[in-house]
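One structure below.
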Amino acid sequence: MASSDHDRADIALSDEAIEWLVRLHSGRATEADRAAFIHWRQRGEAHEMAAREAEAIWHGLGIAGSTVRRRERQVGRARVTRRLVIGGLSLGAAGLALERSGLIGARLFADHVTGVGERRTLTLADGSTVLMNACTALDVDFGNSERRLSLLDGQALFTVAPDAVRPFIVAAAGGATRAVGTVFDVDMRLDDVVVTVLEGRVSVARDADAQATTLAGADQQVSYSATRLSPARPVDARMATAWRRGKLIVNQRPLAEVVAEIERYRNGTILIANPALGELEVTGVFDLAGADAILDTIEQTLPVRVTRLPLVTIIR
């Protein structure tokens with residue numbers, strides 16, 4: 001069998017095995033279904049491998065995939081199949097799901113938390129307001145000399161009441177955004193924090209180098225990480241904060257970042273099986289109320305396949 005034909009067969013068996021597991025755990029499976037699955041997996045070594053790896057994905061163990069990987073090396077077929085990649089990624093799925101649910105992680109002890117698909121507006125003691133995006137965690141600490149908020153997870157839009165004595169500071173992931181009276185958005189993304197200014201001006205700095213700051217005004221954006229602070233760049237702030245209207249507008253953004261946005265609006269974890277896939281660019285206008293429809297569009301327009309399992313969705 002040619003290599004491409006072998007890969008197609010590998011994909012087909014993996015999909016069949018996953019579909020069997022979904023059927024058997026649906027609550028509607030019969031004894032005949034279970035017997036048919038046993039017969040299916042006994043049809044050959046490839047079927048058995050597919051079944052064991054699908055079970056590893058389901059249970060989050062990763063053991064079967066590792067065992068089969070060793071067996072393939074022993075017979076001289078040291079080839080990483082798509083099933084093995086999925087099996088390895090499944091190890092962290094349960095932990096990710098727990099963290100996003102708020103049962104563990106920063107959200108457990110935060111002052112204010114939003115759930116999956118939930119947006120909420122807070123009115124603070126000084127009259128400022130905070131619009132929290134879905135899956136967001138926030139702490140508030142107002143003192144005599146400053147108004148400090150800590151964005152622990154997620155994204156929020158801050159409309160700041162002027163106070164010449166107490167600056168308004170939002171700390172997030174090793175940096176801080178400082179304002180007196182303005183409207184700005186802070187988004188904690190996978191690799192950096194992005195600050196978008198809608199009105200007024202802000203000053204952005206990293207904790208590691210507080211003396212180096214970037215000033216940004218309306219329709220400008222600044223990003224920072226543990227190692228860098230960008231200059232201000234022009235942006236359509238209304239488009240960048242379309243989540244306020246329930247929309248996701250992206251222009252050539254990496255798939256990994258878009259997936260992180262989608263996860264805020266649907267239950268379960270989305271795993272990307274190959275880092276290279278996460279770099280694929282996505283452009284479009286999407287309705288956040290239909291997160292699964294966004295996944296369908298991604299599958300139709302990019303060279304990827306989306307497999308939905310209970311608690312975990314895999315892009316490969």
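Ligands are numbered from 1 in the order shown, residues from 1 within each chain, and chains are lettered A, B, ... in the order they appear in the structure tokens.
Within 7 Å of A:Arg253, once only C-alpha atoms are used and residues closer than 5 positions along the same chain are dropped, the contacting residues are Val258, Glu281, Val282 and Thr283 of chain A.
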Check: Excluding same-chain residues fewer than 5 positions from A:Asp141, what lies within 10 Å of it counting only C-alpha atoms, as a count of residues only?
Finding: 7
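In this comparison, which uses only C-alpha atoms, the residue of A:Val259, A:Ala179, A:Ala172, A:Ala273 approaching A:Ser223 most closely is A:Ala172.
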Next item on the list: Considering only C-alpha atoms, return as a VMD selection string whatever protein or nucleic-acid residues lie within 8 Å of A:Val113, sequence-local ones (same chain, fewer than 4 positions apart) excluded.
Entry: chain A and resid 107 135 to 138
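Going from atom CA of A:Asp296 to atom CA of A:Ile315 covers 11.0 Å.
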Margin query: I need the residue nearest A:Asp207 from this list: A:Asn144, A:Ser230, A:Thr177, A:Thr241. Use only C-alpha atoms for the distance.
Written below: A:Thr177
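Shortest separation to A:Ala110 among A:Glu299, A:Glu53, A:Glu31, A:Asp153 occurs at residue A:Asp153, atoms counted being only C-alpha atoms.
Going from atom CA of A:Tyr265 to atom CA of A:Asn133 covers 9.5 Å.
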Check: For A:Thr313, which of A:Gly268, A:Gly127, A:Pro254, A:Gly174 is the closest residue, counting only C-alpha atoms?
Finding: A:Gly268
Notebook entry, point to check: Which polymer residues have any atom within 9 Å of an atom of A:Pro162, counting only C-alpha atoms, with same-chain residues fewer than 4 positions away left out, as a ChimeraX atom specification?
Noted result: /A:126,128,166-168,179-182
